[in-house]
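Undergrad: Pasting entry_8.cif below, which is mmCIF, C-alpha atoms.
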data_structure
#
loop_
_atom_site.label_atom_id
_atom_site.label_comp_id
_atom_site.auth_asym_id
_atom_site.auth_seq_id
_atom_site.Cartn_x
_atom_site.Cartn_y
_atom_site.Cartn_z
CA MET A 1 -139.60 -3.65 10.25
CA SER A 2 -141.83 -4.20 13.29
CA SER A 3 -145.57 -4.25 12.83
CA TYR A 4 -145.99 -1.22 15.09
CA HIS A 5 -144.07 1.06 12.70
CA GLY A 6 -147.17 1.38 10.53
CA GLN A 7 -149.22 2.19 13.61
CA VAL A 8 -146.70 4.89 14.58
CA ASP A 9 -147.25 6.45 11.15
CA SER A 10 -151.00 6.14 11.53
CA LEU A 11 -150.98 7.83 14.95
CA GLY A 12 -148.68 10.49 13.52
CA LEU A 13 -151.09 11.21 10.70
CA SER A 14 -153.97 11.53 13.13
CA PHE A 15 -151.91 13.89 15.31
CA PHE A 16 -150.88 15.93 12.28
CA GLY A 17 -154.52 16.20 11.23
CA SER A 18 -155.68 17.34 14.67
CA MET A 19 -152.98 19.97 14.90
CA THR A 20 -153.41 21.37 11.40
CA ALA A 21 -157.19 21.54 11.88
CA SER A 22 -156.68 23.47 15.10
CA ILE A 23 -154.10 25.80 13.55
CA SER A 24 -156.24 26.44 10.46
CA HIS A 25 -159.06 27.45 12.80
CA GLU A 26 -156.76 30.01 14.41
CA ILE A 27 -155.83 31.36 10.97
CA LYS A 28 -159.52 31.62 10.08
CA ASN A 29 -160.19 33.60 13.23
CA ALA A 30 -157.33 35.99 12.52
CA LEU A 31 -158.59 36.47 8.96
CA ALA A 32 -162.11 37.08 10.24
CA ILE A 33 -160.92 39.93 12.49
CA ILE A 34 -158.83 41.43 9.69
CA ASN A 35 -161.80 41.12 7.33
CA GLU A 36 -164.21 42.88 9.70
CA ASN A 37 -161.78 45.67 10.55
CA ALA A 38 -161.01 46.31 6.87
CA GLY A 39 -164.76 46.28 6.25
CA LEU A 40 -165.32 48.73 9.07
CA LEU A 41 -162.79 51.11 7.51
CA SER A 42 -164.82 50.96 4.28
CA ASP A 43 -168.04 51.53 6.22
CA LEU A 44 -166.63 54.60 7.95
CA VAL A 45 -165.40 56.03 4.66
CA ALA A 46 -168.84 55.43 3.15
CA LEU A 47 -170.49 57.17 6.08
CA SER A 48 -168.07 60.11 5.78
CA GLU A 49 -169.15 60.49 2.18
CA ARG A 50 -172.69 60.90 3.56
CA GLY A 51 -171.56 63.63 5.92
CA ARG A 52 -170.50 61.82 9.09
CA PRO A 53 -167.07 63.09 10.18
CA LEU A 54 -164.17 60.64 10.20
CA ASP A 55 -162.50 60.20 13.57
CA PRO A 56 -158.73 59.88 13.01
CA GLU A 57 -158.23 58.15 16.38
CA ARG A 58 -160.81 55.55 15.45
CA LEU A 59 -159.04 54.94 12.15
CA LYS A 60 -155.70 54.58 13.93
CA THR A 61 -157.19 52.00 16.31
CA ILE A 62 -158.61 49.98 13.43
CA ALA A 63 -155.33 50.11 11.48
CA SER A 64 -153.45 49.06 14.60
CA THR A 65 -155.78 46.10 15.14
CA ILE A 66 -155.30 45.01 11.54
CA ASN A 67 -151.51 45.22 11.88
CA ARG A 68 -151.55 43.26 15.13
CA ARG A 69 -153.79 40.54 13.76
CA VAL A 70 -151.69 40.23 10.59
CA GLN A 71 -148.65 39.74 12.83
CA ASN A 72 -150.61 37.20 14.84
CA ALA A 73 -151.58 35.30 11.67
CA ASP A 74 -147.96 35.36 10.53
CA ASP A 75 -146.89 33.82 13.87
CA ILE A 76 -149.50 31.10 13.45
CA VAL A 77 -148.34 30.28 9.94
CA ARG A 78 -144.70 30.20 11.09
CA ARG A 79 -145.72 27.75 13.81
CA LEU A 80 -147.56 25.62 11.27
CA ASN A 81 -144.50 25.63 9.02
CA ARG A 82 -142.19 24.54 11.84
CA PHE A 83 -144.61 21.80 12.85
CA ALA A 84 -144.95 20.57 9.24
CA HIS A 85 -141.17 20.31 8.94
CA SER A 86 -140.91 18.41 12.21
CA ALA A 87 -143.06 15.63 10.76
CA ASN A 88 -140.37 14.56 8.30
CA GLN A 89 -137.40 15.27 10.54
CA PRO A 90 -134.99 12.38 11.22
CA VAL A 91 -133.45 11.73 14.62
CA VAL A 92 -131.97 15.03 15.79
CA ALA A 93 -130.07 16.37 18.76
CA THR A 94 -132.34 18.86 20.46
CA GLY A 95 -133.18 20.31 23.83
CA ILE A 96 -136.09 18.47 25.42
CA ARG A 97 -137.49 21.70 26.86
CA GLU A 98 -137.71 23.04 23.34
CA VAL A 99 -139.82 20.02 22.37
CA LEU A 100 -142.04 20.53 25.42
CA ALA A 101 -142.42 24.22 24.61
CA CYS A 102 -143.43 23.41 21.00
CA THR A 103 -146.01 20.93 22.31
CA ILE A 104 -147.46 23.57 24.61
CA VAL A 105 -147.76 26.06 21.76
CA LEU A 106 -149.42 23.43 19.55
CA ALA A 107 -151.91 22.35 22.21
CA GLU A 108 -152.57 25.78 23.70
CA ARG A 109 -155.73 26.65 21.80
CA LEU A 110 -157.31 23.27 22.48
CA ALA A 111 -156.32 23.59 26.12
CA THR A 112 -157.94 27.01 26.32
CA MET A 113 -161.14 25.57 24.86
CA LYS A 114 -161.20 23.14 27.78
CA GLY A 115 -160.36 25.83 30.33
CA VAL A 116 -156.89 24.35 30.91
CA THR A 117 -153.67 26.36 31.24
CA LEU A 118 -150.45 24.75 30.06
CA SER A 119 -147.00 25.74 31.28
CA LEU A 120 -143.42 24.56 31.30
CA ALA A 121 -141.75 23.70 34.61
CA GLU A 122 -138.55 25.51 35.44
CA GLY A 123 -135.34 23.61 34.85
CA GLU A 124 -132.20 23.42 32.78
CA GLU A 125 -132.21 22.31 29.19
CA ILE A 126 -131.36 18.64 28.64
CA GLU A 127 -130.04 17.56 25.27
CA VAL A 128 -131.58 14.43 23.78
CA GLN A 129 -131.31 12.60 20.50
CA THR A 130 -134.82 11.86 19.41
CA LEU A 131 -137.66 12.34 16.93
CA PRO A 132 -139.39 15.52 18.13
CA PHE A 133 -142.55 14.82 16.17
CA VAL A 134 -143.03 11.43 17.83
CA ILE A 135 -142.42 12.91 21.29
CA GLU A 136 -144.92 15.69 20.56
CA ASN A 137 -147.39 13.07 19.38
CA MET A 138 -146.93 11.09 22.61
CA LEU A 139 -147.39 14.21 24.74
CA TRP A 140 -150.46 15.18 22.74
CA ILE A 141 -152.11 11.84 23.47
CA CYS A 142 -151.45 12.39 27.18
CA LEU A 143 -152.81 15.94 27.05
CA LYS A 144 -155.85 14.90 25.04
CA HIS A 145 -156.88 12.48 27.80
CA ILE A 146 -156.14 15.05 30.49
CA PHE A 147 -158.33 17.57 28.64
CA LEU A 148 -161.16 15.04 28.44
CA HIS A 149 -161.36 14.92 32.23
CA ALA A 150 -160.20 18.44 32.98
CA GLN A 151 -161.86 20.71 35.47
CA GLU A 152 -162.28 24.41 34.83
CA GLN A 153 -159.16 26.53 35.34
CA GLN A 154 -156.98 23.47 35.67
CA ARG A 155 -153.24 23.95 35.30
CA VAL A 156 -151.05 21.33 33.65
CA VAL A 157 -147.28 21.67 33.95
CA LEU A 158 -144.92 19.85 31.60
CA GLY A 159 -141.39 19.17 32.75
CA ALA A 160 -138.35 16.96 32.25
CA ARG A 161 -135.55 15.58 34.38
CA ARG A 162 -132.53 13.45 33.66
CA GLU A 163 -132.09 10.14 35.46
CA GLY A 164 -128.84 8.40 34.47
CA SER A 165 -129.02 7.56 30.78
CA ASP A 166 -132.76 8.20 30.70
CA ILE A 167 -134.93 11.25 30.38
CA VAL A 168 -138.22 11.44 32.26
CA LEU A 169 -140.94 13.70 30.91
CA THR A 170 -143.52 14.68 33.49
CA LEU A 171 -147.06 16.01 33.34
CA HIS A 172 -148.31 17.48 36.57
CA GLY A 173 -151.91 18.37 37.22
CA ALA A 174 -153.85 15.36 36.04
CA PRO A 175 -157.59 15.80 36.47
CA THR A 176 -160.06 13.96 38.67
CA LEU A 177 -159.25 10.78 36.75
CA PRO A 178 -156.95 8.58 38.88
CA LEU A 179 -153.34 8.63 37.63
CA GLU A 180 -153.20 4.85 37.28
CA GLN A 181 -156.23 4.98 35.01
CA LEU A 182 -154.59 7.71 32.96
CA VAL A 183 -151.48 5.53 32.61
CA THR A 184 -153.59 2.60 31.38
CA THR A 185 -155.53 4.74 28.92
CA VAL A 186 -152.47 6.51 27.51
CA SER A 187 -150.42 3.30 27.34
CA GLY A 188 -153.22 1.63 25.41
CA GLU A 189 -153.79 4.34 22.84
CA ALA A 190 -150.12 5.19 22.42
CA GLN A 191 -148.75 1.65 22.58
CA PRO A 192 -146.98 1.83 19.18
CA LEU A 193 -145.26 5.08 20.22
CA VAL A 194 -144.34 3.60 23.60
CA LEU A 195 -142.69 0.64 21.89
CA PHE A 196 -141.05 2.80 19.23
CA LEU A 197 -139.53 5.19 21.78
CA LYS A 198 -138.63 2.37 24.24
CA MET A 199 -140.73 4.30 26.72
CA GLN A 200 -142.18 3.41 30.11
CA VAL A 201 -145.36 5.15 31.18
CA SER A 202 -145.95 5.29 34.93
CA ALA A 203 -147.66 7.21 37.70
CA ASP A 204 -145.86 9.00 40.51
CA THR A 205 -148.83 9.32 42.82
CA ALA A 206 -146.77 10.94 45.60
CA GLN A 207 -145.99 13.91 43.36
CA ASP A 208 -149.12 13.64 41.21
CA LEU A 209 -147.06 13.12 38.06
CA LEU A 210 -147.64 11.19 34.88
CA CYS A 211 -144.12 10.06 33.94
CA LEU A 212 -142.77 9.11 30.51
CA ARG A 213 -139.31 7.56 30.80
CA MET A 214 -137.14 6.83 27.76
CA PRO A 215 -133.47 6.71 26.78
CA LEU A 216 -131.70 10.02 26.27
CA ARG A 217 -130.59 8.77 22.89
CA PHE A 218 -133.21 7.26 20.62
CA ILE A 219 -132.36 3.65 19.80
CA GLU A 220 -133.64 2.40 16.44
CA MET B 221 -166.30 50.74 -1.13
CA SER B 222 -169.64 49.54 -2.33
CA LEU B 223 -172.72 51.57 -1.52
CA ASN B 224 -176.28 50.55 -2.10
CA GLY B 225 -178.78 52.63 -4.00
CA ASN B 226 -179.35 54.90 -1.00
CA GLY B 227 -175.67 55.62 -0.51
CA ASN B 228 -175.46 53.41 2.57
CA PRO B 229 -172.76 50.84 3.28
CA ALA B 230 -173.23 47.46 1.64
CA GLY B 231 -175.76 45.27 3.39
CA TRP B 232 -177.60 48.22 4.93
CA SER B 233 -181.14 47.25 5.67
CA GLY B 234 -182.20 49.70 8.35
CA ASP B 235 -184.90 47.33 9.51
CA GLN B 236 -184.05 47.69 13.22
CA LEU B 237 -183.71 43.99 13.81
CA THR B 238 -182.52 42.92 17.25
CA VAL B 239 -179.49 40.69 17.07
CA LEU B 240 -177.63 38.76 19.76
CA LEU B 241 -174.01 38.23 18.73
CA ILE B 242 -172.08 35.49 20.54
CA ASP B 243 -168.32 34.95 20.19
CA ASP B 244 -165.51 34.44 22.70
CA ASP B 245 -163.23 36.83 20.78
CA ARG B 246 -164.23 40.21 22.20
CA GLU B 247 -162.39 42.11 19.50
CA TYR B 248 -164.36 40.28 16.84
CA LEU B 249 -167.60 40.84 18.75
CA GLU B 250 -167.02 44.58 19.00
CA VAL B 251 -166.13 45.19 15.37
CA LEU B 252 -168.90 43.01 13.98
CA ALA B 253 -171.42 44.60 16.35
CA GLU B 254 -170.36 48.03 15.10
CA ARG B 255 -170.77 46.99 11.48
CA LEU B 256 -174.23 45.56 12.09
CA THR B 257 -175.22 48.64 14.08
CA ILE B 258 -174.15 50.84 11.15
CA ARG B 259 -176.56 48.74 9.11
CA GLY B 260 -179.47 49.60 11.32
CA MET B 261 -179.54 46.63 13.65
CA THR B 262 -179.74 46.76 17.42
CA VAL B 263 -176.95 44.51 18.60
CA THR B 264 -176.34 42.89 21.98
CA THR B 265 -173.15 40.89 22.55
CA ALA B 266 -172.24 37.90 24.69
CA ALA B 267 -168.67 36.62 25.05
CA SER B 268 -169.49 33.12 26.27
CA GLY B 269 -172.09 30.41 25.94
CA ALA B 270 -173.28 30.94 29.51
CA ALA B 271 -173.66 34.70 28.99
CA ALA B 272 -175.58 34.00 25.79
CA LEU B 273 -178.07 31.76 27.58
CA GLU B 274 -178.61 34.48 30.17
CA GLN B 275 -179.27 37.05 27.45
CA LEU B 276 -181.66 34.71 25.66
CA ALA B 277 -183.54 34.02 28.88
CA ALA B 278 -183.78 37.72 29.69
CA GLY B 279 -184.92 39.12 26.37
CA TYR B 280 -186.16 38.57 22.85
CA PHE B 281 -183.91 38.78 19.78
CA ASP B 282 -185.00 38.50 16.17
CA VAL B 283 -181.80 36.62 15.36
CA THR B 284 -178.93 35.09 17.32
CA VAL B 285 -175.53 34.80 15.62
CA LEU B 286 -173.57 32.06 17.35
CA ASP B 287 -169.91 31.00 17.23
CA LEU B 288 -169.29 27.27 17.66
CA GLN B 289 -165.84 27.03 19.22
CA MET B 290 -165.86 28.69 22.61
CA PRO B 291 -164.32 27.68 25.93
CA GLU B 292 -166.47 25.90 28.49
CA LEU B 293 -169.95 25.98 26.95
CA ASP B 294 -169.47 25.92 23.18
CA GLY B 295 -171.97 26.77 20.44
CA LEU B 296 -173.31 23.24 20.10
CA GLY B 297 -173.71 23.16 23.87
CA VAL B 298 -175.75 26.36 23.71
CA LEU B 299 -177.98 24.85 21.03
CA GLU B 300 -178.38 21.65 23.06
CA ARG B 301 -179.43 23.62 26.14
CA LEU B 302 -181.90 25.63 24.10
CA ALA B 303 -183.34 22.50 22.50
CA ALA B 304 -183.66 20.84 25.91
CA THR B 305 -185.70 23.75 27.25
CA GLY B 306 -187.90 23.95 24.18
CA SER B 307 -186.60 27.42 23.40
CA THR B 308 -186.47 28.09 19.67
CA PRO B 309 -184.65 31.34 18.86
CA GLN B 310 -183.66 31.98 15.25
CA VAL B 311 -179.96 31.03 15.26
CA ILE B 312 -177.30 31.53 12.60
CA VAL B 313 -174.06 29.71 13.29
CA LEU B 314 -171.01 31.76 12.28
CA THR B 315 -167.85 29.72 12.69
CA GLY B 316 -164.26 29.42 11.56
CA HIS B 317 -164.45 25.70 12.18
CA ALA B 318 -167.17 24.61 9.81
CA THR B 319 -167.27 20.91 9.09
CA VAL B 320 -170.25 19.16 7.57
CA ALA B 321 -170.70 17.05 10.72
CA ARG B 322 -170.77 20.07 13.01
CA GLY B 323 -172.95 22.04 10.62
CA VAL B 324 -175.43 19.18 10.35
CA ARG B 325 -175.45 18.79 14.13
CA ALA B 326 -176.08 22.51 14.57
CA MET B 327 -179.02 22.40 12.18
CA GLN B 328 -180.41 19.27 13.81
CA LEU B 329 -180.35 21.25 17.04
CA GLY B 330 -182.36 24.02 15.44
CA ALA B 331 -179.89 26.41 13.79
CA ALA B 332 -181.46 28.08 10.77
CA ASP B 333 -178.22 28.52 8.82
CA VAL B 334 -174.47 28.04 9.01
CA LEU B 335 -171.96 30.58 7.71
CA GLU B 336 -168.19 30.39 7.65
CA LYS B 337 -165.77 33.02 8.91
CA PRO B 338 -164.54 35.24 7.43
CA VAL B 339 -167.96 36.20 6.14
CA ASP B 340 -168.94 38.88 3.66
CA ILE B 341 -171.02 41.48 5.52
CA ARG B 342 -173.61 41.61 2.78
CA ARG B 343 -174.03 37.84 2.99
CA LEU B 344 -174.36 38.01 6.75
CA THR B 345 -176.93 40.82 6.77
CA GLU B 346 -178.97 39.15 4.04
CA THR B 347 -178.97 35.92 6.03
CA ILE B 348 -179.96 37.76 9.21
CA SER B 349 -182.87 39.42 7.39
CA LYS B 350 -183.98 36.14 5.82
CA VAL B 351 -183.80 34.21 9.09
CA ALA B 352 -185.59 36.99 10.99
CA ALA B 353 -188.38 36.96 8.38
CA ALA B 354 -188.69 33.18 8.67
CA GLY B 355 -188.95 33.52 12.44
CA GLN B 356 -191.63 36.14 12.13
CA GLN B 357 -193.55 33.95 9.71
CA ARG B 358 -193.27 31.00 12.06
CA ARG B 359 -194.65 33.02 14.93
CA GLN B 360 -197.57 34.15 12.80
CA GLN B 361 -198.35 30.56 11.87
CA THR B 362 -198.40 29.01 15.29
CA ARG B 363 -202.01 27.84 14.97
CA PRO B 364 -202.06 24.19 13.79
CA GLU B 365 -204.58 24.77 11.00
CA THR B 366 -202.38 27.43 9.47
CA GLY B 367 -199.04 25.75 10.18
CA PRO B 368 -196.12 26.27 7.80
CA ALA B 369 -195.84 24.13 4.71
CA ALA B 370 -193.01 21.64 4.55
CA SER B 371 -189.78 23.00 3.12
CA PRO B 372 -189.46 22.02 -0.56
CA ARG B 373 -185.81 21.10 -0.10
CA SER B 374 -183.62 20.05 2.78
CA PRO B 375 -181.67 22.88 4.43
CA LEU B 376 -178.88 20.35 4.97
CA ALA B 377 -178.39 20.07 1.22
CA GLY B 378 -177.78 23.81 1.08
CA LEU B 379 -175.36 23.60 3.99
CA PHE B 380 -173.33 20.88 2.31
CA ARG B 381 -173.19 22.90 -0.91
CA ARG B 382 -171.95 26.00 0.91
CA LEU B 383 -169.25 24.18 2.87
CA PHE B 384 -167.93 22.10 0.02
CA GLY B 385 -168.92 24.11 -3.03
CA SER B 386 -171.11 22.95 -5.86
CA GLY B 387 -168.58 20.68 -7.54
CA LYS B 388 -169.63 17.93 -9.90
CA THR B 389 -170.92 14.75 -8.39
CA THR B 390 -170.79 11.37 -9.96
#
As structure tokens, what does this structure read like?
TA:
Amino acid sequence: MSSYHGQVDSLGLSFFGSMTASISHEIKNALAIINENAGLLSDLVALSERGRPLDPERLKTIASTINRRVQNADDIVRRLNRFAHSANQPVVATGIREVLACTIVLAERLATMKGVTLSLAEGEEIEVQTLPFVIENMLWICLKHIFLHAQEQQRVVLGARREGSDIVLTLHGAPTLPLEQLVTTVSGEAQPLVLFLKMQVSADTAQDLLCLRMPLRFIE
Amino acid sequence: MSLNGNGNPAGWSGDQLTVLLIDDDREYLEVLAERLTIRGMTVTTAASGAAALEQLAAGYFDVTVLDLQMPELDGLGVLERLAATGSTPQVIVLTGHATVARGVRAMQLGAADVLEKPVDIRRLTETISKVAAAGQQRRQQTRPETGPAASPRSPLAGLFRRLFGSGKTT
């Protein structure tokens, strides 16, 4: 086994920790809203016992908010569950756009905190054989560095295209940081992943793209 | 539903404290503001760090309740700006993302207390009252010869206990 395999695991653990911390924060926020709305219902009942009339419309609004936020929390937990399972997934055949979409969902809250909007470029699905968790980890490292230098209301578009027997993942909308510098930074931090995925990281300055090229089929 | 001895909702104090509530989740802001208003407080809300700084510059609040994780200018950023200008409002951090490091940083920057979401309303109102009273005391003791006595125990110790419980130590 190559020495970088341990580093791939280490980067994966760090990625897993960042994502679960972010997701648990979202769950906390959903619980906080549910908690306050349930508490407000109790407050209104207590006030009605002191003679203040209960407004049925107000109660309906509160109940509706609770239902919506419970649904929201359930979506978050489902996302966490899917992400947790992806960490121990072997090489699978999957659509690359699906992997990109999962990455966007995972990184969305942290992007919002930085004033960045993430989106998926239009295009047809391309089937790859890969380790989705490792790809997501690689994309996260790229996004993390983009977020660090992001400007307000920046848009970052993730995309993919097929080139022969390779797939090229693209990130459009890099910040003020020069693309070449982003390539150097990402390549340095993610070197074990780059080696593991047989990936080439490059800059397409003409189209303002950070490009991640790798074989369509993961080679052990 | 728990009522206090006067038949009011739990945590009712009726002491007309002025509170600035800062959180980027408007739905959370609205419902918590309503609950504090029911308890006799006069509540102003701000949905961003920048809006909060404007409110703090424009008026006086007995207590400011501040979220940490917000887009653009976050809670720690707000505290840093306040510290840089020498402004010392009474701040309670209320966050869903409480880590010891962030809590310690918030208190180093002048926060009086750190609470975790979801919070019990009674706990929150008690903390608001306590922090407001401490602020009032501090204002009354501004003359050097009658300055406040040193705290008998570190507030950071209390923060650590709240975030990680009071488990056994070895």
Undergrad: Please determine, counting only C-alpha atoms, which residue among A:His172, A:Arg69, A:Leu182, A:Ile146 has the shortest atom-to-atom distance to Ala206 of chain A.
TA: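 Nearest to Ala206 of chain A: A:His172.
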Undergrad: Taking the file as shown, find all residues satisfying the PyMOL selection byres ((chain A) within 12 of (chain B)) and write them as number ranges by chain.
TA: A: 20-52, 58, 61-62, 65-66, 68-69, 109-117, 147, 150-153
Undergrad: Mind pulling up the distance from atom CA of Glu57 of chain A to atom CA of Ala266 of chain B?
TA: 26.0 Å
Undergrad: Identify, on the basis of all atoms listed in the file, every residue whose closest approach to Leu288 of chain B does not exceed 10 Å; exclude the query and any residue fewer than 5 positions from it along the same chain; express the result as a list in words.
TA: Ile242, Asp243, Asp244, Gly269, Leu293, Asp294, Gly295, Leu296, Gly297, Val298, Leu299, Val313, Leu314, Thr315, Gly316, His317, Ala318, Arg322, Gly323 and Ala326 of chain B
Undergrad: Please write the residues picked by the PyMOL selection byres ((chain A and resi 183-194) around 9) on this file as a ChimeraX atom specification.
TA: /A:3-8,11,134-135,137-138,141-142,145,178-182,195-203,210-212,214
Undergrad: For atom CA of Phe133 of chain A and atom CA of Gly173 of chain A, quote the distance in Å rounded to one decimal.
TA: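 Computing it gives 23.3 Å between the two atoms.
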Undergrad: Starting from the PyMOL selection byres ((chain B and resi 280) around 12), expand the selection into actual residues of this file and give them as a list of chain:residue names.
TA: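 That selection, the PyMOL selection byres ((chain B and resi 280) around 12), comes back as B:Leu237, B:Thr238, B:Val239, B:Leu240, B:Thr262, B:Val263, B:Thr264, B:Ala272, B:Leu273, B:Glu274, B:Gln275, B:Leu276, B:Ala277, B:Ala278, B:Gly279, B:Phe281, B:Asp282, B:Val283, B:Thr284, B:Ser307, B:Thr308, B:Pro309, B:Gln310, B:Ala352, B:Gly355.
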Undergrad: Between atom CA of Ala121 of chain A and atom CA of Leu80 of chain A, measure the distance and give it in Å to one decimal.
TA: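 Result for atom CA of Ala121 of chain A versus atom CA of Leu80 of chain A: 24.1 Å, one decimal.
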Undergrad: List every protein, DNA or RNA residue that has at least one atom no more than 9 Å from (-131.7, 11.4, 22.3) in the file's coordinates, counting all atoms listed in the file, and write the result as a list in words.
TA: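 Nearby residues: Val91, Val92, Ala93, Thr94, Ile96, Glu127, Val128, Gln129, Thr130, Leu131, Ile167, Met214, Pro215, Leu216, Arg217, Phe218 and Ile219 of chain A.
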Undergrad: Counting only C-alpha atoms, which residue out of A:Leu209, A:Ala87, A:Ile76, A:Val105 sits closest to Pro132 of chain A?
TA: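 Checking each of A:Leu209, A:Ala87, A:Ile76, A:Val105 against Pro132 of chain A, counting only C-alpha atoms, the winner is A:Ala87.
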Undergrad: Compile the contact shell of Ala354 of chain B as a ChimeraX atom specification: residues with an atom at most 10 Å away, counting all atoms listed in the file, same-chain residues fewer than 5 positions apart removed.
TA: /B:282,310,332,348-349,359-360
Undergrad: Out of B:Val285, B:Met327, B:Leu344, B:Ile312, which residue has the shortest atom-to-atom distance to Glu300 of chain B when counting all atoms listed in the file?
TA: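 Result for the nearest residue to Glu300 of chain B: B:Met327.
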